[in-house]
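Participant: Have a look at the structure that comes next, please.
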Amino acid sequence: MDSFEINKIFGAICATALFILVLTIVTDFLYSEPELEQQAYVVDVPDMDMPVADVTPEVVEVDVMELLVMASLENGQKVAKKCVSCHNFEAGSANKIGPNLYNIVDRQMGIMDGFAYSNAINERGANNESWTFENLFHFLENPKKWLPGTIMGYAGIRKPKDRADLIVYLHDISPDSESTIE
Ligand code: HEC
């Protein structure tokens, strides 16, 4: 092998190395993705002290009024049995572990006389907030999540339809409410 041949081989190696280098730079450039500034998916991690049946987060945004229009008062009455260990529903009846729920729809939060509410509810009430359809719908899904600090020890009702049915029943026993379902 003479030096000319060695130079040729050396030259060929250099050319190949250069080619690979250029190729790497070009593909890097073509296939690089822009850095995401924010996480694309925000995962909703439920509280760990919730019962297992309630941990599936709700994915679908629902139109509350649409559910109310289709709701069943009869089923709502059944769902309300879940509340009777702590709440009365009749006009003028006493507060139990929870306040009386007669006339609850559109009632200002935290105003039943003689009931010791949490600060969480008192603050909302002091802000003139009331139990609208929407507020009830979200509170009853998961009271502690929607209203941190509440002392209502109830896990919530997962099925949107059951909540809507229950709210239609609550509306039925709320003669002072001016909200209509349509
Ligand atoms: C284990 C007892 C318990 C059960 C069961 C329960 N609640 Fe309650 N509820 C409470 C307590 C205690 C409060 C007061 C919460 C506070 O002050 O943070 C409350 C408050 C409320 C309020 C707010 C009332 C107001 O005057 O501002 C609503 C509305 C309500 N409950 C609806 C319901 C419904 C509907 C159910 C049935 C699906 C239910 N609760 C089941 C104990 C209970």
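Chain lettering (A, B, ...) mirrors the order of the structure tokens, residue numbering begins at 1 for each chain separately, and ligand numbering begins at 1 in order of display.
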Please find the residues contacting ligand 1 at a distance of at most 7 Å between atoms, with only C-alpha atoms and all ligand atoms counted, and report them as a VMD selection string.

Facilitator: chain A and resid 79 to 80 82 to 87 97 to 99 101 104 108 to 112 116 to 118 120 to 121 131 136 140 149 to 154 156 to 157

Participant: Selection from above, N, CA, C and O atoms, as a compact mmCIF listing (two decimals), in the first residue's frame, can you write it?

Facilitator:
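File produced: part_10.txt:
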# COMPACT_ATOMS: atom_id res chain seq x y z
N VAL A 79 -83.62 8.87 46.26
CA VAL A 79 -82.23 9.27 46.53
C VAL A 79 -82.16 10.07 47.84
O VAL A 79 -81.21 9.96 48.60
N ALA A 80 -83.21 10.85 48.11
CA ALA A 80 -83.23 11.69 49.31
C ALA A 80 -83.17 10.87 50.59
O ALA A 80 -82.85 11.40 51.66
N LYS A 82 -81.00 8.92 51.33
CA LYS A 82 -79.59 8.92 51.75
C LYS A 82 -79.30 10.07 52.72
O LYS A 82 -78.27 10.10 53.37
N CYS A 83 -80.19 11.06 52.75
CA CYS A 83 -79.91 12.25 53.55
C CYS A 83 -80.63 12.25 54.89
O CYS A 83 -80.28 13.02 55.78
N VAL A 84 -81.64 11.37 55.03
CA VAL A 84 -82.54 11.52 56.18
C VAL A 84 -81.92 11.18 57.53
O VAL A 84 -82.46 11.57 58.57
N SER A 85 -80.80 10.47 57.52
CA SER A 85 -80.16 10.23 58.82
C SER A 85 -79.65 11.53 59.41
O SER A 85 -79.49 11.65 60.62
N CYS A 86 -79.41 12.52 58.57
CA CYS A 86 -78.86 13.79 59.08
C CYS A 86 -79.75 15.01 58.83
O CYS A 86 -79.52 16.06 59.42
N HIS A 87 -80.69 14.89 57.89
CA HIS A 87 -81.49 16.07 57.54
C HIS A 87 -82.99 15.79 57.61
O HIS A 87 -83.44 14.74 57.17
N ILE A 97 -78.33 16.28 62.61
CA ILE A 97 -76.86 16.44 62.49
C ILE A 97 -76.57 17.51 61.45
O ILE A 97 -75.59 18.24 61.52
N GLY A 98 -77.45 17.61 60.47
CA GLY A 98 -77.37 18.67 59.45
C GLY A 98 -78.61 19.54 59.54
O GLY A 98 -79.60 19.15 60.16
N PRO A 99 -78.57 20.73 58.92
CA PRO A 99 -79.71 21.67 59.00
C PRO A 99 -80.92 21.16 58.22
O PRO A 99 -80.80 20.34 57.32
N LEU A 101 -83.65 20.88 55.49
CA LEU A 101 -83.48 21.16 54.05
C LEU A 101 -84.78 21.59 53.36
O LEU A 101 -84.83 21.69 52.14
N ILE A 104 -84.67 24.47 50.48
CA ILE A 104 -83.22 24.62 50.32
C ILE A 104 -82.82 25.26 48.98
O ILE A 104 -81.84 26.00 48.91
N GLN A 108 -80.20 31.03 50.98
CA GLN A 108 -78.85 31.51 51.25
C GLN A 108 -78.09 30.43 52.05
O GLN A 108 -78.69 29.75 52.89
N MET A 109 -76.81 30.28 51.77
CA MET A 109 -76.04 29.24 52.47
C MET A 109 -75.92 29.58 53.96
O MET A 109 -75.68 30.73 54.33
N GLY A 110 -76.10 28.55 54.78
CA GLY A 110 -75.80 28.68 56.21
C GLY A 110 -76.71 29.57 57.02
O GLY A 110 -76.25 30.25 57.94
N ILE A 111 -78.03 29.57 56.74
CA ILE A 111 -78.88 30.52 57.50
C ILE A 111 -79.89 29.87 58.43
O ILE A 111 -80.74 30.55 59.00
N MET A 112 -79.83 28.54 58.62
CA MET A 112 -80.82 27.95 59.54
C MET A 112 -80.48 28.32 60.98
O MET A 112 -79.39 28.04 61.46
N ALA A 116 -75.07 25.06 64.05
CA ALA A 116 -73.66 25.51 64.07
C ALA A 116 -72.95 25.05 62.80
O ALA A 116 -72.45 23.94 62.72
N TYR A 117 -72.95 25.94 61.81
CA TYR A 117 -72.32 25.61 60.53
C TYR A 117 -70.80 25.71 60.62
O TYR A 117 -70.25 26.36 61.51
N SER A 118 -70.13 25.11 59.64
CA SER A 118 -68.67 25.28 59.50
C SER A 118 -68.38 26.70 59.00
O SER A 118 -69.25 27.35 58.41
N ALA A 120 -66.62 27.26 56.55
CA ALA A 120 -66.67 27.15 55.08
C ALA A 120 -68.04 27.60 54.56
O ALA A 120 -68.12 28.43 53.65
N ILE A 121 -69.11 27.09 55.17
CA ILE A 121 -70.45 27.49 54.71
C ILE A 121 -70.77 28.92 55.15
O ILE A 121 -71.30 29.71 54.38
N TRP A 131 -77.99 28.31 47.51
CA TRP A 131 -77.97 26.94 46.97
C TRP A 131 -78.71 26.88 45.65
O TRP A 131 -79.84 26.41 45.57
N LEU A 136 -75.79 23.14 44.20
CA LEU A 136 -76.21 21.86 44.79
C LEU A 136 -75.63 20.69 43.99
O LEU A 136 -75.13 19.72 44.55
N LEU A 140 -73.11 18.26 45.98
CA LEU A 140 -73.59 16.90 46.29
C LEU A 140 -72.78 15.81 45.58
O LEU A 140 -72.85 14.66 45.95
N GLY A 149 -63.48 22.08 54.02
CA GLY A 149 -63.77 22.61 55.35
C GLY A 149 -65.19 22.33 55.81
O GLY A 149 -65.54 22.58 56.96
N THR A 150 -66.04 21.81 54.91
CA THR A 150 -67.41 21.53 55.33
C THR A 150 -67.41 20.38 56.34
O THR A 150 -66.55 19.50 56.28
N ILE A 151 -68.38 20.43 57.25
CA ILE A 151 -68.46 19.35 58.24
C ILE A 151 -69.54 18.34 57.85
O ILE A 151 -69.93 17.50 58.65
N MET A 152 -70.02 18.43 56.61
CA MET A 152 -70.99 17.42 56.16
C MET A 152 -70.23 16.14 55.83
O MET A 152 -69.49 16.07 54.87
N GLY A 153 -70.41 15.15 56.71
CA GLY A 153 -69.66 13.91 56.55
C GLY A 153 -70.34 12.94 55.63
O GLY A 153 -70.88 11.92 56.05
N TYR A 154 -70.34 13.28 54.34
CA TYR A 154 -71.04 12.45 53.38
C TYR A 154 -70.21 12.41 52.11
O TYR A 154 -69.73 13.46 51.65
N GLY A 156 -70.87 11.75 48.95
CA GLY A 156 -71.38 12.37 47.73
C GLY A 156 -72.09 11.35 46.85
O GLY A 156 -72.04 10.14 47.11
N ILE A 157 -72.76 11.86 45.84
CA ILE A 157 -73.51 11.01 44.92
C ILE A 157 -72.83 11.12 43.57
O ILE A 157 -72.77 12.20 42.98

Participant: Excluding Leu67 (chain A) and residues on its chain fewer than 3 positions from it, collect all residues at most 9 Å away from it, counting only C-alpha atoms, and give them as a PyMOL selection string.

Facilitator: chain A and resi 62-64+70-71+160-161+164-165

Participant: When DSSP is applied to the backbone of this structure, which of region 128-158 of chain A are assigned alpha helix (DSSP H)? Write them out as a ChimeraX atom specification.

Facilitator: /A:133-141,143-146

Participant: Please save N, CA and C atoms of the selected residues as a short mmCIF file (atom, residue, chain, number, x, y, z; two decimals), in the first residue's frame.

Facilitator:
data_model
loop_
_atom_site.label_atom_id
_atom_site.label_comp_id
_atom_site.auth_asym_id
_atom_site.auth_seq_id
_atom_site.Cartn_x
_atom_site.Cartn_y
_atom_site.Cartn_z
N PHE A 133 -79.23 25.57 41.69
CA PHE A 133 -79.17 24.22 41.10
C PHE A 133 -77.71 23.81 40.90
N GLU A 134 -76.93 24.72 40.31
CA GLU A 134 -75.53 24.39 40.00
C GLU A 134 -74.72 24.12 41.27
N ASN A 135 -74.89 24.98 42.27
CA ASN A 135 -74.13 24.78 43.51
C ASN A 135 -74.49 23.44 44.17
N LEU A 136 -75.79 23.14 44.20
CA LEU A 136 -76.21 21.86 44.79
C LEU A 136 -75.63 20.69 43.99
N PHE A 137 -75.69 20.82 42.69
CA PHE A 137 -75.22 19.75 41.81
C PHE A 137 -73.75 19.42 42.07
N HIS A 138 -72.93 20.45 42.23
CA HIS A 138 -71.50 20.22 42.43
C HIS A 138 -71.17 19.85 43.88
N PHE A 139 -71.84 20.49 44.82
CA PHE A 139 -71.63 20.17 46.24
C PHE A 139 -71.97 18.70 46.50
N LEU A 140 -73.11 18.26 45.98
CA LEU A 140 -73.59 16.90 46.29
C LEU A 140 -72.78 15.81 45.58
N GLU A 141 -72.00 16.18 44.60
CA GLU A 141 -71.13 15.18 43.96
C GLU A 141 -70.04 14.75 44.93
N PRO A 143 -69.01 16.68 48.54
CA PRO A 143 -69.09 17.88 49.40
C PRO A 143 -67.72 18.41 49.82
N LYS A 144 -66.83 17.53 50.28
CA LYS A 144 -65.56 18.02 50.83
C LYS A 144 -64.63 18.56 49.75
N LYS A 145 -64.82 18.09 48.53
CA LYS A 145 -63.96 18.58 47.45
C LYS A 145 -64.45 19.95 46.98
N TRP A 146 -65.77 20.06 46.85
CA TRP A 146 -66.33 21.32 46.34
C TRP A 146 -66.28 22.41 47.40
#

Participant: Pick the closest to Glu90 (chain A) from A:Ser177, A:Ile167, A:Ile25, A:Tyr102: which is it, counting only C-alpha atoms?

Facilitator: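 Among the listed residues, A:Tyr102 lies closest to Glu90 (chain A).
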
Participant: If I take CA of Ile20 (chain A) and CA of Ile6 (chain A), how far is one from the other in Å, to one decimal?

Facilitator: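 Distance reported for this atom pair: 21.3 Å.
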
Participant: Using only C-alpha atoms, which of the listed residues (A:Glu129, A:Asp106, A:Asp162, A:Asp113) sits closest to Glu178 (chain A)?

Facilitator: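 Closest to Glu178 (chain A), using only C-alpha atoms: A:Asp106.
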
Participant: Find, counting only C-alpha atoms, the residue in A:Leu166, A:Thr24, A:Lys96, A:Val69 that gets nearest to Glu182 (chain A).

Facilitator: A:Val69
